[in-house]
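One file, query07.pdb, is given below (PDB, C-alpha atoms).
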```
ATOM      1  CA  MET A 200      28.160  20.622-123.122
ATOM      2  CA  ASP A 201      25.118  21.615-125.183
ATOM      3  CA  TYR A 202      22.801  23.382-122.756
ATOM      4  CA  SER A 203      20.266  24.087-125.458
ATOM      5  CA  ARG A 204      18.947  20.637-124.446
ATOM      6  CA  LYS A 205      16.263  21.051-121.794
ATOM      7  CA  SER A 206      17.188  17.645-120.381
ATOM      8  CA  LEU A 207      20.421  19.205-119.059
ATOM      9  CA  TRP A 208      18.524  21.595-116.796
ATOM     10  CA  ALA A 209      17.127  20.567-113.433
ATOM     11  CA  PHE A 210      14.999  23.721-113.464
ATOM     12  CA  LEU A 211      14.011  26.275-116.071
ATOM     13  CA  PRO A 212      11.133  28.748-115.715
ATOM     14  CA  GLY A 213       7.973  27.405-117.328
ATOM     15  CA  LYS A 214       5.654  29.301-119.622
ATOM     16  CA  LYS A 215       3.010  29.405-116.880
ATOM     17  CA  ASP A 216       5.423  30.673-114.217
ATOM     18  CA  GLU A 217       5.128  34.291-113.212
ATOM     19  CA  ALA A 218       7.974  36.224-114.820
ATOM     20  CA  LYS A 219      10.102  38.092-112.269
ATOM     21  CA  PRO A 220      12.521  40.978-112.902
ATOM     22  CA  VAL A 221      15.472  39.031-111.415
ATOM     23  CA  ASP A 222      17.053  35.627-112.129
ATOM     24  CA  VAL A 223      19.005  33.216-109.977
ATOM     25  CA  PHE A 224      21.595  30.823-111.411
ATOM     26  CA  PHE A 225      21.820  27.979-108.898
ATOM     27  CA  VAL A 226      24.400  25.168-108.708
ATOM     28  CA  TYR A 227      23.566  22.277-106.371
ATOM     29  CA  PRO A 228      26.000  20.620-103.920
ATOM     30  CA  THR A 229      27.697  17.232-104.079
ATOM     31  CA  ILE A 230      25.120  14.448-104.246
ATOM     32  CA  TYR A 231      26.975  11.861-106.363
ATOM     33  CA  ALA A 232      28.477   8.698-104.863
ATOM     34  CA  HIS A 233      29.435   5.958-107.336
ATOM     35  CA  PRO A 234      29.788   2.436-105.888
ATOM     36  CA  PHE A 235      33.034   1.887-107.816
ATOM     37  CA  ARG A 236      34.766   5.107-106.892
ATOM     38  CA  LYS A 237      38.070   4.415-108.632
ATOM     39  CA  LYS A 238      36.366   3.885-111.979
ATOM     40  CA  ARG A 239      34.085   6.908-112.282
ATOM     41  CA  HIS A 240      34.620  10.183-110.445
ATOM     42  CA  HIS A 241      32.002  12.261-112.262
ATOM     43  CA  MET A 242      28.215  12.149-112.163
ATOM     44  CA  GLY A 243      26.637  11.202-115.477
ATOM     45  CA  MET A 244      23.943  13.328-117.070
ATOM     46  CA  VAL A 245      21.419  10.552-117.789
ATOM     47  CA  ASN A 246      21.018   8.542-114.577
ATOM     48  CA  PRO A 247      17.441   9.267-113.417
ATOM     49  CA  ILE A 248      18.220   8.522-109.763
ATOM     50  CA  TYR A 249      21.007  11.065-109.461
ATOM     51  CA  LYS A 250      19.120  13.589-111.570
ATOM     52  CA  GLY A 251      16.148  13.176-109.250
ATOM     53  CA  ILE A 252      18.318  13.710-106.172
ATOM     54  CA  ALA A 253      19.902  16.778-107.769
ATOM     55  CA  LYS A 254      16.490  18.193-108.599
ATOM     56  CA  GLY A 255      15.263  17.573-105.069
ATOM     57  CA  MET A 256      18.316  19.312-103.626
ATOM     58  CA  CYS A 257      17.740  22.302-105.908
ATOM     59  CA  ALA A 258      14.133  22.490-104.739
ATOM     60  CA  TRP A 259      15.071  22.240-101.054
ATOM     61  CA  GLN A 260      17.921  24.733-101.000
ATOM     62  CA  GLY A 261      16.868  26.916-103.902
ATOM     63  CA  GLN A 262      13.303  27.684-102.877
ATOM     64  CA  LEU A 263      14.307  30.745-100.872
ATOM     65  CA  PHE A 264      15.736  32.233-104.089
ATOM     66  CA  ALA A 265      12.981  30.961-106.377
ATOM     67  CA  ARG A 266      10.342  32.880-104.418
ATOM     68  CA  HIS A 267      11.932  36.118-105.654
ATOM     69  CA  CYS A 268      13.717  35.098-108.861
ATOM     70  CA  ASN A 269      13.327  33.173-112.104
ATOM     71  CA  PHE A 270      15.064  29.909-111.226
ATOM     72  CA  TYR A 271      17.781  28.388-113.460
ATOM     73  CA  ALA A 272      19.628  25.274-112.278
ATOM     74  CA  PRO A 273      21.743  23.159-114.665
ATOM     75  CA  TYR A 274      22.807  19.565-114.239
ATOM     76  CA  TYR A 275      26.586  19.176-114.344
ATOM     77  CA  ARG A 276      29.134  16.363-114.215
ATOM     78  CA  GLN A 277      30.084  17.007-110.635
ATOM     79  CA  LEU A 278      32.801  15.211-108.716
ATOM     80  CA  GLY A 279      31.658  12.369-106.478
ATOM     81  CA  MET A 280      31.925  12.307-102.700
ATOM     82  CA  GLU A 281      35.191  10.390-102.937
ATOM     83  CA  SER A 282      36.818  13.696-103.911
ATOM     84  CA  PHE A 283      36.929  14.528-100.177
ATOM     85  CA  LYS A 284      39.617  11.834 -99.864
ATOM     86  CA  MET A 285      41.411  12.219-103.200
ATOM     87  CA  PRO A 286      44.890  13.832-103.414
ATOM     88  CA  LEU A 287      44.606  17.566-104.003
ATOM     89  CA  ASP A 288      46.366  17.547-107.385
ATOM     90  CA  GLU A 289      43.986  14.831-108.614
ATOM     91  CA  VAL A 290      40.991  16.829-107.406
ATOM     92  CA  MET A 291      42.196  19.915-109.249
ATOM     93  CA  ARG A 292      42.489  17.977-112.517
ATOM     94  CA  ALA A 293      39.092  16.340-112.024
ATOM     95  CA  GLU A 294      37.421  19.716-111.330
ATOM     96  CA  ARG A 295      37.964  20.821-114.926
ATOM     97  CA  LYS A 296      34.982  18.813-116.158
ATOM     98  CA  PRO A 297      32.344  20.102-113.687
ATOM     99  CA  TYR A 298      33.648  23.647-114.015
ATOM    100  CA  GLY A 299      33.477  23.397-117.798
ATOM    101  CA  ASP A 300      29.826  22.372-117.534
ATOM    102  CA  VAL A 301      28.948  25.230-115.165
ATOM    103  CA  TYR A 302      30.796  27.669-117.433
ATOM    104  CA  ASP A 303      28.895  26.402-120.506
ATOM    105  CA  ALA A 304      25.544  26.497-118.696
ATOM    106  CA  PHE A 305      26.104  30.014-117.373
ATOM    107  CA  HIS A 306      27.073  31.419-120.755
ATOM    108  CA  TYR A 307      24.150  29.654-122.422
ATOM    109  CA  TYR A 308      21.876  31.172-119.789
ATOM    110  CA  LEU A 309      23.318  34.647-120.440
ATOM    111  CA  GLU A 310      22.950  34.366-124.208
ATOM    112  CA  HIS A 311      19.542  32.672-124.421
ATOM    113  CA  HIS A 312      17.607  33.233-121.182
ATOM    114  CA  ASN A 313      18.789  36.300-119.307
ATOM    115  CA  ASN A 314      17.499  39.055-121.604
ATOM    116  CA  GLY A 315      19.371  41.764-119.713
ATOM    117  CA  ARG A 316      17.932  41.065-116.250
ATOM    118  CA  PRO A 317      20.017  41.393-113.079
ATOM    119  CA  PHE A 318      20.805  38.077-111.429
ATOM    120  CA  ILE A 319      21.948  36.283-108.300
ATOM    121  CA  LEU A 320      24.504  33.481-108.236
ATOM    122  CA  ALA A 321      23.774  30.841-105.601
ATOM    123  CA  GLY A 322      25.174  27.469-104.685
ATOM    124  CA  HIS A 323      26.212  25.189-101.888
ATOM    125  CA  SER A 324      29.336  23.090-101.316
ATOM    126  CA  GLN A 325      30.734  21.945-104.682
ATOM    127  CA  GLY A 326      28.213  24.229-106.392
ATOM    128  CA  SER A 327      29.704  27.206-104.557
ATOM    129  CA  ALA A 328      33.214  26.065-105.463
ATOM    130  CA  MET A 329      32.294  26.051-109.160
ATOM    131  CA  LEU A 330      30.678  29.475-108.920
ATOM    132  CA  LEU A 331      33.710  30.872-107.100
ATOM    133  CA  GLN A 332      35.895  29.732-110.002
ATOM    134  CA  LEU A 333      33.450  31.374-112.387
ATOM    135  CA  MET A 334      33.600  34.658-110.465
ATOM    136  CA  ARG A 335      37.386  34.622-110.293
ATOM    137  CA  LYS A 336      37.733  34.158-114.047
ATOM    138  CA  GLU A 337      34.687  35.861-115.569
ATOM    139  CA  PHE A 338      33.553  38.638-113.260
ATOM    140  CA  THR A 339      36.341  41.066-114.016
ATOM    141  CA  ASP A 340      33.897  42.013-116.794
ATOM    142  CA  PRO A 341      32.168  45.281-115.732
ATOM    143  CA  ALA A 342      28.985  44.244-117.566
ATOM    144  CA  LEU A 343      28.643  41.145-115.365
ATOM    145  CA  GLN A 344      29.541  43.091-112.232
ATOM    146  CA  GLU A 345      26.812  45.611-113.016
ATOM    147  CA  LYS A 346      24.147  42.908-113.330
ATOM    148  CA  LEU A 347      25.210  40.904-110.253
ATOM    149  CA  ILE A 348      22.918  41.523-107.277
ATOM    150  CA  ALA A 349      24.848  39.140-105.010
ATOM    151  CA  ALA A 350      26.542  35.751-104.879
ATOM    152  CA  TYR A 351      25.536  33.260-102.184
ATOM    153  CA  LEU A 352      28.547  30.917-102.142
ATOM    154  CA  ILE A 353      27.648  28.953 -99.022
ATOM    155  CA  GLY A 354      29.366  25.816 -97.780
ATOM    156  CA  PHE A 355      32.748  26.477 -99.373
ATOM    157  CA  SER A 356      35.513  28.591 -97.920
ATOM    158  CA  LEU A 357      36.871  31.850 -99.265
ATOM    159  CA  THR A 358      40.227  33.038 -97.984
ATOM    160  CA  ARG A 359      41.879  36.399 -97.455
ATOM    161  CA  ARG A 360      44.144  35.451-100.341
ATOM    162  CA  ASP A 361      41.108  35.181-102.649
ATOM    163  CA  PHE A 362      40.150  38.779-101.950
ATOM    164  CA  LYS A 363      43.715  40.057-102.346
ATOM    165  CA  ARG A 364      44.315  38.182-105.576
ATOM    166  CA  TYR A 365      40.886  38.964-107.052
ATOM    167  CA  PRO A 366      40.020  42.507-105.934
ATOM    168  CA  HIS A 367      36.708  42.424-107.815
ATOM    169  CA  LEU A 368      35.477  39.930-105.188
ATOM    170  CA  ARG A 369      33.940  41.570-102.097
ATOM    171  CA  LEU A 370      32.556  39.982 -98.945
ATOM    172  CA  ALA A 371      29.080  41.103 -97.832
ATOM    173  CA  GLN A 372      29.009  43.799 -95.149
ATOM    174  CA  SER A 373      25.245  43.935 -94.580
ATOM    175  CA  ASP A 374      22.015  42.166 -95.475
ATOM    176  CA  LYS A 375      21.293  44.589 -98.321
ATOM    177  CA  ASP A 376      24.580  45.453-100.012
ATOM    178  CA  ILE A 377      24.859  44.535-103.684
ATOM    179  CA  GLY A 378      27.562  42.951-105.820
ATOM    180  CA  THR A 379      28.977  41.111-102.804
ATOM    181  CA  ILE A 380      29.519  37.504-101.690
ATOM    182  CA  VAL A 381      27.784  35.725 -98.814
ATOM    183  CA  SER A 382      29.880  32.781 -97.647
ATOM    184  CA  TYR A 383      30.180  30.704 -94.481
ATOM    185  CA  ASN A 384      30.587  27.137 -93.207
ATOM    186  CA  THR A 385      28.544  26.031 -90.195
ATOM    187  CA  THR A 386      29.792  23.839 -87.369
ATOM    188  CA  ALA A 387      29.387  23.135 -83.686
ATOM    189  CA  ALA A 388      32.096  24.211 -81.274
ATOM    190  CA  ASN A 389      35.296  22.184 -81.030
ATOM    191  CA  VAL A 390      34.642  19.593 -83.725
ATOM    192  CA  PRO A 391      36.990  18.598 -86.584
ATOM    193  CA  LEU A 392      36.562  20.643 -89.743
ATOM    194  CA  MET A 393      35.861  19.171 -93.155
ATOM    195  CA  ARG A 394      38.688  19.137 -95.681
ATOM    196  CA  PHE A 395      37.378  21.871 -97.974
ATOM    197  CA  ILE A 396      37.586  24.508 -95.219
ATOM    198  CA  ARG A 397      40.873  26.113 -96.144
ATOM    199  CA  PRO A 398      43.401  27.837 -93.864
ATOM    200  CA  ASP A 399      42.911  31.603 -93.490
ATOM    201  CA  SER A 400      39.212  31.336 -94.370
ATOM    202  CA  VAL A 401      36.854  34.234 -93.808
ATOM    203  CA  CYS A 402      33.085  34.182 -93.572
ATOM    204  CA  VAL A 403      29.961  36.208 -92.928
ATOM    205  CA  ASN A 404      27.597  35.691 -90.017
ATOM    206  CA  PRO A 405      24.108  35.706 -91.621
ATOM    207  CA  LEU A 406      22.523  36.844 -88.341
ATOM    208  CA  ASN A 407      24.470  40.110 -87.869
ATOM    209  CA  TRP A 408      26.497  40.285 -91.135
ATOM    210  CA  ARG A 409      29.775  40.714 -89.287
ATOM    211  CA  HIS A 410      33.105  39.025 -90.081
ATOM    212  CA  ASP A 411      34.341  38.788 -86.494
ATOM    213  CA  ALA A 412      33.561  36.883 -83.304
ATOM    214  CA  VAL A 413      30.759  39.177 -82.084
ATOM    215  CA  TYR A 414      27.952  36.832 -81.071
ATOM    216  CA  ALA A 415      24.467  37.189 -82.574
ATOM    217  CA  GLY A 416      21.858  35.730 -80.242
ATOM    218  CA  LYS A 417      19.062  33.445 -81.352
ATOM    219  CA  GLU A 418      16.648  36.377 -81.224
ATOM    220  CA  TYR A 419      18.275  37.514 -84.479
ATOM    221  CA  ASN A 420      17.453  34.213 -86.178
ATOM    222  CA  GLU A 421      14.245  34.736 -88.164
ATOM    223  CA  GLY A 422      13.821  31.004 -88.603
ATOM    224  CA  ALA A 423      15.482  27.731 -89.467
ATOM    225  CA  VAL A 424      13.736  25.305 -91.831
ATOM    226  CA  LEU A 425      14.379  21.777 -90.609
ATOM    227  CA  PHE A 426      13.136  18.185 -90.717
ATOM    228  CA  ASP A 427      11.606  16.134 -87.924
ATOM    229  CA  PHE A 428      11.748  12.587 -89.256
ATOM    230  CA  GLY A 429       8.721  10.493 -88.356
ATOM    231  CA  LYS A 430       6.698  13.560 -87.326
ATOM    232  CA  ARG A 431       6.974  16.513 -89.704
ATOM    233  CA  PHE A 432       8.800  16.505 -93.011
ATOM    234  CA  ARG A 433       9.454  20.238 -92.977
ATOM    235  CA  PHE A 434       8.903  22.803 -90.266
ATOM    236  CA  GLU A 435      10.025  26.314 -89.452
ATOM    237  CA  ALA A 436      11.743  26.949 -86.125
ATOM    238  CA  PRO A 437      12.037  30.662 -85.264
ATOM    239  CA  HIS A 438      14.984  31.700 -83.067
ATOM    240  CA  TYR A 439      16.511  28.241 -83.381
ATOM    241  CA  THR A 440      20.135  29.211 -82.771
ATOM    242  CA  GLY A 441      22.505  32.093 -82.404
ATOM    243  CA  ALA A 442      25.951  32.081 -84.015
ATOM    244  CA  TYR A 443      29.417  33.593 -83.918
ATOM    245  CA  ILE A 444      32.492  33.341 -86.125
ATOM    246  CA  ASP A 445      35.501  31.381 -84.916
ATOM    247  CA  GLU A 446      38.039  33.714 -86.498
ATOM    248  CA  GLY A 447      40.927  31.331 -85.967
ATOM    249  CA  ARG A 448      39.296  28.589 -88.021
ATOM    250  CA  GLY A 449      37.147  30.754 -90.289
ATOM    251  CA  VAL A 450      33.839  28.998 -89.553
ATOM    252  CA  LEU A 451      30.395  29.892 -88.214
ATOM    253  CA  VAL A 452      29.651  28.266 -84.840
ATOM    254  CA  ILE A 453      26.088  27.665 -83.595
ATOM    255  CA  ASP A 454      24.819  27.486 -80.007
ATOM    256  CA  ASP A 455      25.667  24.410 -77.976
ATOM    257  CA  ASP A 456      22.023  23.689 -77.126
ATOM    258  CA  ALA A 457      21.010  23.784 -80.808
ATOM    259  CA  ALA A 458      23.906  21.491 -81.725
ATOM    260  CA  TYR A 459      22.874  19.078 -78.970
ATOM    261  CA  GLN A 460      19.314  18.907 -80.297
ATOM    262  CA  LEU A 461      20.641  18.124 -83.762
ATOM    263  CA  TYR A 462      23.007  15.441 -82.471
ATOM    264  CA  LYS A 463      20.043  13.726 -80.785
ATOM    265  CA  ALA A 464      18.509  13.135 -84.222
ATOM    266  CA  LYS A 465      18.156   9.627 -85.605
ATOM    267  CA  TRP A 466      21.255   7.842 -86.829
ATOM    268  CA  PHE A 467      20.605   8.277 -90.569
ATOM    269  CA  PHE A 468      20.084  12.012 -90.091
ATOM    270  CA  LYS A 469      23.450  12.248 -88.322
ATOM    271  CA  LYS A 470      25.155  10.078 -90.909
ATOM    272  CA  PHE A 471      24.019  11.956 -93.998
ATOM    273  CA  LEU A 472      23.589  15.519 -92.735
ATOM    274  CA  MET A 473      26.121  15.747 -89.928
ATOM    275  CA  ASN A 474      29.083  13.679 -91.011
ATOM    276  CA  ARG A 475      31.923  13.894 -88.474
ATOM    277  CA  GLY A 476      30.172  16.570 -86.473
ATOM    278  CA  SER A 477      29.927  18.983 -89.377
ATOM    279  CA  LEU A 478      26.697  20.889 -89.984
ATOM    280  CA  HIS A 479      27.580  21.236 -93.642
ATOM    281  CA  MET A 480      24.274  20.054 -95.074
ATOM    282  CA  LEU A 481      22.402  22.430 -92.758
ATOM    283  CA  ASP A 482      24.346  25.555 -93.768
ATOM    284  CA  ILE A 483      21.296  27.029 -95.488
ATOM    285  CA  ALA A 484      18.564  25.410 -93.394
ATOM    286  CA  LEU A 485      19.730  26.837 -90.044
ATOM    287  CA  PHE A 486      19.574  30.437 -91.309
ATOM    288  CA  TYR A 487      16.955  30.003 -94.007
ATOM    289  CA  LYS A 488      14.657  32.919 -93.183
ATOM    290  CA  ASN A 489      17.511  35.394 -92.695
ATOM    291  CA  LEU A 490      18.921  34.421 -96.063
ATOM    292  CA  GLU A 491      15.526  34.776 -97.716
ATOM    293  CA  SER A 492      15.041  38.227 -96.172
ATOM    294  CA  SER A 493      18.460  39.270 -97.412
ATOM    295  CA  VAL A 494      17.631  38.109-100.951
ATOM    296  CA  LYS A 495      14.502  40.248-100.917
ATOM    297  CA  GLY A 496      16.366  43.214 -99.408
ATOM    298  CA  ARG A 497      19.231  43.059-101.895
ATOM    299  CA  ILE A 498      16.850  42.917-104.856
ATOM    300  CA  GLU A 499      14.958  45.960-103.575
ATOM    301  CA  ASN A 500      18.222  47.808-102.893
ATOM    302  CA  TYR A 501      19.544  46.953-106.364
ATOM    303  CA  PHE A 502      16.586  48.514-108.137
ATOM    304  CA  GLU A 503      16.527  51.516-105.790
ATOM    305  CA  HIS A 504      20.243  52.074-106.387
ATOM    306  CA  ASN A 505      19.855  51.869-110.148
ATOM    307  CA  LYS A 506      16.810  54.115-110.058
ATOM    308  CA  LYS A 507      18.827  56.835-108.290
ATOM    309  CA  ALA A 508      21.766  56.325-110.648
ATOM    310  CA  SER A 509      19.542  56.931-113.673
ATOM    311  CA  LEU A 510      18.219  60.278-112.376
TER     312      LEU A 510
END
```

Rewrite the coordinates I just gave you, this time as C-alpha cells.
Amino acid sequence: MDYSRKSLWAFLPGKKDEAKPVDVFFVYPTIYAHPFRKKRHHMGMVNPIYKGIAKGMCAWQGQLFARHCNFYAPYYRQLGMESFKMPLDEVMRAERKPYGDVYDAFHYYLEHHNNGRPFILAGHSQGSAMLLQLMRKEFTDPALQEKLIAAYLIGFSLTRRDFKRYPHLRLAQSDKDIGTIVSYNTTAANVPLMRFIRPDSVCVNPLNWRHDAVYAGKEYNEGAVLFDFGKRFRFEAPHYTGAYIDEGRGVLVIDDDAAYQLYKAKWFFKKFLMNRGSLHMLDIALFYKNLESSVKGRIENYFEHNKKASL
C-alpha cells in the first residue's frame, strides 16, 4: 500500500501543529462491519463512513497520546467484526492483508516522517494485534528497540508463550519503565470472555502496575473518561473503579459497583460497548488518566535515561 498518499492516513501532524520530540504510531480497533459478511471481510480505504468512524476512534482513544506526541495513525484494510466468529485458520489467512498495511505504513513513517525521534506504539483490539505482530517480527532490530519508549497494546492478549518465544518483548513493571509493553483486557467478574483472550494470557494492572491478583483500590484511579448519553458527551470521573488481575483467566477485573453502574446504561451503550458483558471498548476509558500519566512519565524517563547514558 502506498502510504505516501495523505488520504491513507487518518492523522498526520499538520504544519501548524506544535512539533514534539516524541511520536506515537497508533492503530485503531475493529470498527468495520459489512452487511454482506461472506463477500467482503476487509474494510475498504475509500468509504467515507468507515473512514470517519476510524478517525473518530483515533481521536477518542488516541488523544491521551497526542497530548505528548506527534500523532500518526494510518488507515488499514482491517478485518470486519465477523472475524470474531470465523474459523481460526481463516482468520489467520485474512490477517495478512491488514498486517501488510500496518507494516507498510510503519516503514513509510520511519523512512519519511520519524527523523530519528523516539516513538510509542499504541493500539487497541485489532490494532494491538497488528502491532504485536510487528513487534514480534521487526523489533529484534536493536535500532528500533533503542527508539521505542513503550508499546501500549491494549485490548488484545499476550501470553507467557509470547514472552518465551520472543525474548525481546517485555511486559511493563512500572508506570515509567521504557521499552516495555502495556497490555490488558478489562471485564467484570464472572462473565464470559471474548474469543481473542487466549489461554495463558498475562496482563498489567494500570493502577498498580502489577501482574498478579493484588487489588488496587479506586483511590489509585486518577480518572476514567466516560460518556453520559443524553446529559454529557464526555466527562471525567476520578476514582471510578479499582481493579485486580484474575490470574487464572488473564484479565483485568473492575469493581462490582462500577460494573453495575455501566450495566445500567442505555441499551445501545450496552450493545455496542459492552457486548456479552465485556468491557472491551472501555479498556482505555476506564483507566484513561493513569495511562496518560504513564505516557508522560515514560517519555520523561526515556530522555533522562539517555541523558545519563551520554555522559

Discussion item. So that I can see what lies close to segment 442-456 of chain A, please list as number ranges by chain the residues with an atom at most 10 Å from it, counting all atoms listed in the file and leaving out residues fewer than 3 positions away in the same chain.
Written reply: A: 354, 356-358, 382-389, 392, 396-407, 409-417, 419-420, 439, 459-462, 478, 482, 485-486

Counting only C-alpha atoms, I want the residues whose atoms come within 8 Å of (10.4, 27.6, -85.4) in the file frame, returned as a tab-separated table (two decimals) with C-alpha atoms, keeping the file's coordinate frame.
```tsv
chain	number	residue	atom	x	y	z
A	422	GLY	CA	13.82	31.00	-88.60
A	423	ALA	CA	15.48	27.73	-89.47
A	424	VAL	CA	13.74	25.30	-91.83
A	434	PHE	CA	8.90	22.80	-90.27
A	435	GLU	CA	10.02	26.31	-89.45
A	436	ALA	CA	11.74	26.95	-86.12
A	437	PRO	CA	12.04	30.66	-85.26
A	438	HIS	CA	14.98	31.70	-83.07
A	439	TYR	CA	16.51	28.24	-83.38
```

Do you have, as a Markdown table, the list of residues of segment 238-271 of chain A lying at most 6 Å from segment 203-226 of chain A, each with its nearest atom pair and that distance in Å to one decimal, counting only C-alpha atoms and ordered by chain then number?
```
| residue | atom | partner | partner_atom | distance |
| --- | --- | --- | --- | --- |
| A:Lys254 | CA | A:Ala209 | CA | 5.4 |
| A:Cys268 | CA | A:Asp222 | CA | 4.7 |
| A:Asn269 | CA | A:Asp222 | CA | 4.5 |
| A:Phe270 | CA | A:Val223 | CA | 5.3 |
| A:Tyr271 | CA | A:Phe224 | CA | 5.0 |
```

Worksheet entry | Residue among A:Gly322, A:Met334, A:Leu352, A:Met244 lying closest to Met256 of chain A, counting all atoms listed in the file |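 Under the stated criterion, the closest residue is A:Gly322.
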
Discussion item. Take the PyMOL selection byres ((chain A and resi 346) around 9), run it mentally on this structure, and tell me the resulting residues as JSON, numbers by chain.
Written reply: {"A": [315, 316, 317, 318, 319, 341, 342, 343, 344, 345, 347, 348, 378]}

Practice prompt. Would you list the residues near (23.0, 24.2, -118.8), meaning any protein, DNA or RNA residue with an atom at most 7 Å from that point in file coordinates, counting all atoms listed in the file, as number ranges by chain?
Written response: A: 202, 207-208, 273-274, 303-305, 307

Discussion item. Nearest residue to Ile498 of chain A out of A:Gln262, A:Gly441, A:Phe338, A:Ile377, using all atoms listed in the file?
Written reply: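 Using all atoms listed in the file, the shortest distance to Ile498 of chain A belongs to A:Ile377.
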
Worksheet item: Quick one, how far is atom CA of Val301 of chain A from atom CA of Met200 of chain A?
Response: 9.2 Å

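Proximity of A:Asn246, A:Lys506, A:Cys257, A:Tyr308 to Asp201 of chain A, computed with all atoms listed in the file, is greatest for A:Tyr308.
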
Worksheet entry | Atom pair atom CA of Leu331 of chain A / atom CA of Pro391 of chain A: separation (Å) |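 For atom CA of Leu331 of chain A relative to atom CA of Pro391 of chain A, the distance reads 24.1 Å.
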
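Residues matched by the PyMOL selection byres ((chain A and resi 379) around 6) in this file: Ala349, Arg369, Leu370, Ala371, Ile377, Gly378 and Ile380 of chain A.
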